[in-house]
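Below is start_13.cif, holding mmCIF, C-alpha atoms.
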data_upload
loop_
_atom_site.label_atom_id
_atom_site.label_comp_id
_atom_site.auth_asym_id
_atom_site.auth_seq_id
_atom_site.Cartn_x
_atom_site.Cartn_y
_atom_site.Cartn_z
CA MET S 1 0.00 0.00 0.00
CA ALA S 2 1.45 3.34 -1.04
CA GLU S 3 1.91 5.91 1.68
CA GLU S 4 0.00 9.13 1.11
CA GLU S 5 2.06 12.31 0.97
CA PHE S 6 1.62 14.65 3.94
CA ASP S 7 -0.66 17.57 3.08
CA GLU S 8 -0.28 20.31 5.70
CA ALA S 9 -3.30 22.26 4.46
CA LYS S 10 -5.53 19.20 4.62
CA GLU S 11 -4.25 18.37 8.09
CA ASP S 12 -5.01 21.93 9.18
CA TYR S 13 -8.54 21.57 7.81
CA TYR S 14 -8.96 18.21 9.57
CA SER S 15 -7.73 19.70 12.83
CA LEU S 16 -9.94 22.78 12.66
CA ALA S 17 -12.94 20.68 11.63
CA ASP S 18 -12.27 18.45 14.63
CA GLU S 19 -12.24 21.51 16.90
CA ALA S 20 -15.59 22.59 15.44
CA THR S 21 -17.16 19.31 16.62
CA ALA S 22 -16.30 19.84 20.29
CA GLU S 23 -19.34 20.11 22.52
CA GLU S 24 -17.96 23.27 24.08
CA ALA S 25 -17.20 24.83 20.67
CA HIS S 26 -18.30 28.42 20.31
CA PRO S 27 -19.62 29.95 17.09
CA TRP S 28 -16.81 29.89 14.52
CA ASN S 29 -14.43 32.83 14.43
CA ASP S 30 -11.28 32.58 12.27
CA ASP S 31 -9.47 34.87 14.73
CA ASP S 32 -9.71 32.20 17.45
CA TRP S 33 -7.25 29.96 15.59
CA ASP S 34 -3.71 30.06 14.25
CA GLU S 35 -3.70 32.54 11.36
CA ASP S 36 -1.48 30.42 9.10
CA ALA S 37 -3.47 27.24 9.74
CA VAL S 38 -6.71 29.05 8.95
CA LYS S 39 -5.26 30.46 5.74
CA ARG S 40 -4.04 27.04 4.56
CA ALA S 41 -7.23 25.25 5.61
CA LYS S 42 -9.48 27.84 4.02
CA GLN S 43 -7.60 27.56 0.71
CA TRP S 44 -7.70 23.76 0.87
CA ALA S 45 -11.46 23.84 1.51
CA LYS S 46 -12.00 26.11 -1.47
CA GLU S 47 -9.87 23.97 -3.79
CA ASN S 48 -11.56 20.74 -2.67
CA ASP S 49 -15.18 21.92 -2.38
CA TRP S 50 -15.43 21.57 1.40
CA PRO S 51 -17.35 24.08 3.52
CA TRP S 52 -15.76 27.02 5.26
CA PRO S 53 -15.95 27.39 8.13
CA PRO S 54 -16.13 23.71 9.00
CA GLY S 55 -19.33 22.77 10.77
CA ARG S 56 -20.14 20.33 13.55
CA SER S 57 -20.40 17.33 11.18
CA THR S 58 -17.66 18.29 8.71
CA PHE S 59 -14.96 16.21 10.41
CA ASP S 60 -17.10 13.07 10.30
CA HIS S 61 -17.93 13.59 6.62
CA LEU S 62 -14.28 14.21 5.75
CA TYR S 63 -13.16 11.13 7.68
CA GLU S 64 -15.80 8.96 5.97
CA HIS S 65 -14.79 10.38 2.58
CA ASP S 66 -11.13 9.53 3.16
CA HIS S 67 -11.68 6.10 4.71
CA SER S 68 -14.43 4.55 2.60
#
Turn the structure described in the file into structure tokens.
Amino acid sequence: MAEEEFDEAKEDYYSLADEATAEEAHPWNDDDWDEDAVKRAKQWAKENDWPWPPGRSTFDHLYEHDHS
């Protein structure tokens, strides 16, 4: 099985989407997160037709998409 190349922007999106699922998550505000991670994740979302900001179920959908 070939190893997938690390994609920092995708990992940023995954991470921020995961944060959006937390029960204690507040309404999304880009300024609450690392500026560079937000910039990379936002660009990745745009290029790959994923929502921005990530919502409460985005992480689950992304995980299912990548692991099905």
Please list as a PDB file with C-alpha atoms, keeping the file's coordinate frame every residue within 10 Å of Pro54 in chain S, counting all atoms listed in the file and excluding residues in the same chain fewer than 4 positions away.
ATOM      1  CA  TYR S  13      -8.540  21.570   7.810  1.00  0.00           C
ATOM      2  CA  TYR S  14      -8.960  18.210   9.570  1.00  0.00           C
ATOM      3  CA  LEU S  16      -9.940  22.780  12.660  1.00  0.00           C
ATOM      4  CA  ALA S  17     -12.940  20.680  11.630  1.00  0.00           C
ATOM      5  CA  ASP S  18     -12.270  18.450  14.630  1.00  0.00           C
ATOM      6  CA  GLU S  19     -12.240  21.510  16.900  1.00  0.00           C
ATOM      7  CA  ALA S  20     -15.590  22.590  15.440  1.00  0.00           C
ATOM      8  CA  THR S  21     -17.160  19.310  16.620  1.00  0.00           C
ATOM      9  CA  TRP S  28     -16.810  29.890  14.520  1.00  0.00           C
ATOM     10  CA  ALA S  41      -7.230  25.250   5.610  1.00  0.00           C
ATOM     11  CA  LYS S  42      -9.480  27.840   4.020  1.00  0.00           C
ATOM     12  CA  ALA S  45     -11.460  23.840   1.510  1.00  0.00           C
ATOM     13  CA  TRP S  50     -15.430  21.570   1.400  1.00  0.00           C
ATOM     14  CA  THR S  58     -17.660  18.290   8.710  1.00  0.00           C
ATOM     15  CA  PHE S  59     -14.960  16.210  10.410  1.00  0.00           C
TER      16      PHE S  59
END
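For the atom pair formed by CA of Ala22 in chain S and CA of Ser57 in chain S, the distance is 10.3 Å, given to one decimal.
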- If you measure from CA of Arg40 in chain S to CA of Ala9 in chain S, what distance in Å do you get, rounded to one decimal? 4.8 Å
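What separates CA of Val38 in chain S from CA of Trp52 in chain S is a distance of 10.0 Å.
Nearest to Asp30 in chain S of all the residues S:Pro53, S:Gln43, S:His61, S:Ser68 is S:Pro53, counting only C-alpha atoms.
Using all atoms listed in the file, the shortest contact distance between Asn48 in chain S and any of S:Lys10, S:Asp60, S:Glu5, S:Glu35 is found at S:Lys10.
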Write out as AutoDock Vina command-line options an axis-aligned box for range 41-47 of chain S: all of its atoms listed in the file, 5 Å added on each side, centre and edge lengths in Å with one decimal.
--center_x -9.6 --center_y 25.8 --center_z 0.9 --size_x 14.8 --size_y 14.1 --size_z 19.4
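With distances taken over all atoms listed in the file, S:Leu62 is the one residue among S:Ser15, S:Leu62, S:Asp7, S:His67 lying closest to Asp49 in chain S.
Among the candidate residues S:Glu64, S:Lys46, S:Arg56, S:Asp12, the one lying nearest to Trp33 in chain S is S:Asp12, with distances computed using all atoms listed in the file.
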- Using only C-alpha atoms, which of the listed residues (S:Asp36, S:Asp66, S:Glu47, S:Glu23) sits closest to Glu8 in chain S? S:Asp36
